[in-house]
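Please read the structure below before turning to the comments.
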Amino acid sequence: MNESYLLQVARQRLASGHIEGAIDSLRQLLGDDPMQAEAHALLALCLLSMRRAHAAEREAGLALSADPHLELAHYAAARVAVARRRFKDADKHLAQLLDMNPQEAAYHLAHAELCDLTRRGKEQLASLQKAVELAPDDPNCLAALASYHRHRGEVQQAERFAREALQLQPNHHQAVVIMGHLLLRRGETEAAREHAIWVLREDANDVSALFLLSAVKARSNPFLGLWWRYNSWMSELGPTRAIIVLLGMFVFYRVAVIATTQQGYPQAAEVIGWAWLGFVVYSFAGPQIFRRSLEKELAQVKLSKDF
């Protein structure tokens with residue numbers, strides 16, 4: 001088999017999620033030409049999708065060594081750097097990529113992901129909008145923009161872009177999960193559960209679908225339900241406003257305790273103190289219980305043959 005054919009097969013297999021098949025093709029190619037830069041870059045992306053970040057980093061480095069000007073090599077290096085949480089390195093590679101080819105939507109999507117991780121909301125939105133502008137028929141771009149709006153509580157925009165993504169690709173996993181979260185927000189827990197299970201039947205290791213399924217169970221649980229609503233609301237506020245809200249709640253608690261004590265109601269002050277302590281304990285216990293629920297769900301899905 002010639003080199004171009006093996007590269008094409010590897011790309012197709014990677015795009016369709018057949019990672020092991022893509023790796024087989026790439027290893028065959030690299031056996032004949034160990035310095036094939038594109039093959040090393042594609043192999044890095046394959047390994048990254050299998051959560052083998054260390055091995056992916058090595059392959060991305062080999063790709064850059066073989067061809068420092070190859071866009072795919074810089075893209076693989078950027079994705080690996082994000083996975084390894086080396087954000088400055090990722091920024092450097094993405095800046096070079098966008099300078100080389102500012103018309104590639106995938107590079108703007110990768111930049112938006114980095115901005116999300118580094119809390120640069122305005123840049124993230126600008127990159128997502130640019131990606132959609134460059135590739136309006138790419139469901140990945142639309143789903144990423146839908147996810148941005150969902151996390152900010154902008155339900156109408158999130159649903160609009162998620163539905164557009166699903167019209168283009170009805171089995172797009174990210175868009176299906178986003179719609180599931182929106183349904184859960186509206187209280188349609190059974191419909192949300194069906195969305196999560198549909199994705200898990202396609203990919204039992206899809207973390208976003210497992211998170212959605214656990215959120216459905218938390219929403220239905222009397223103990224976790226209140227925490228789930230509180231956590232969702234705080235997440236939509238963003239880190240800065242969430243901190244302000246928590247500080248405001250603490251100030252209100254202290255003022256209430258001092259005021260009731262000074263007015264001669266020590267028992268009321270004690271009740272308020274116990275209520276605040278209960279809220280603090282509940283805030284810490286909720287995430288731990290939810291995490292255990294997610295881990296339990298992950299184990300069940302992996303073990304089930306009929307799921």
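Convention: chains lettered A, B, ... in structure tokens order; per-chain residue numbering from 1; ligands numbered from 1 as shown.
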
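Near Tyr75 in chain A, within 8 Å and counting only C-alpha atoms, sit His93, Leu94, Leu97 and Tyr107 of chain A; same-chain residues fewer than 6 positions away were not included.
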
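Between Ala10 in chain A and the candidates A:Ala215, A:Leu45, A:Leu117, A:Met35, the tightest atom-to-atom separation, counting only C-alpha atoms, involves A:Leu45.
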
Spatial neighbours of Ala165 in chain A, 9 Å, only C-alpha atoms, chain gap at least 6 places, as a list in words: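 Near neighbours after the sequence-gap exclusion: Asp137, Asp138, Pro139, Asn140, Cys141, Leu142, Ala143, Ala146, His172 and Ala175 of chain A.
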
Just the residues within 10 Å of range 11-16 of chain A, please, counting only C-alpha atoms, with nothing from its chain fewer than 2 positions along; format it as a list in words.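 With the cut-off at 10 Å, the set is Tyr5, Leu6, Leu7, Gln8, Val9, His18, Ile19, Glu20, Gly21, Ala22, Ile23, Ser25, Leu26, Ala39, Leu42, Leu43, Leu45, Cys46 and Ser49 of chain A.
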
Take the residues from that selection and put them in a file with C-alpha atoms, as a PDB file, in the first residue's frame.
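For reference, selection-v3.pdb as written:
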```pdb
ATOM      1  CA  TYR A   5      -3.538   5.652   0.726  1.00  0.00           C
ATOM      2  CA  LEU A   6      -2.544   4.651   4.269  1.00  0.00           C
ATOM      3  CA  LEU A   7      -2.786   8.270   5.415  1.00  0.00           C
ATOM      4  CA  GLN A   8      -6.252   8.584   3.886  1.00  0.00           C
ATOM      5  CA  VAL A   9      -7.405   5.363   5.551  1.00  0.00           C
ATOM      6  CA  HIS A  18     -12.180   3.599  14.708  1.00  0.00           C
ATOM      7  CA  ILE A  19      -9.043   4.532  16.632  1.00  0.00           C
ATOM      8  CA  GLU A  20      -7.366   1.138  16.781  1.00  0.00           C
ATOM      9  CA  GLY A  21      -7.757   0.705  13.029  1.00  0.00           C
ATOM     10  CA  ALA A  22      -6.254   4.147  12.433  1.00  0.00           C
ATOM     11  CA  ILE A  23      -3.302   3.279  14.662  1.00  0.00           C
ATOM     12  CA  SER A  25      -2.570   1.962   9.434  1.00  0.00           C
ATOM     13  CA  LEU A  26      -0.235   4.589  10.884  1.00  0.00           C
ATOM     14  CA  ALA A  39       1.628  10.041  10.367  1.00  0.00           C
ATOM     15  CA  LEU A  42      -2.233  11.673  13.353  1.00  0.00           C
ATOM     16  CA  LEU A  43      -0.907   9.013  15.721  1.00  0.00           C
ATOM     17  CA  LEU A  45      -4.299  12.568  17.963  1.00  0.00           C
ATOM     18  CA  CYS A  46      -5.262   8.876  18.059  1.00  0.00           C
ATOM     19  CA  SER A  49      -8.354  10.171  22.075  1.00  0.00           C
TER      20      SER A  49
END
```
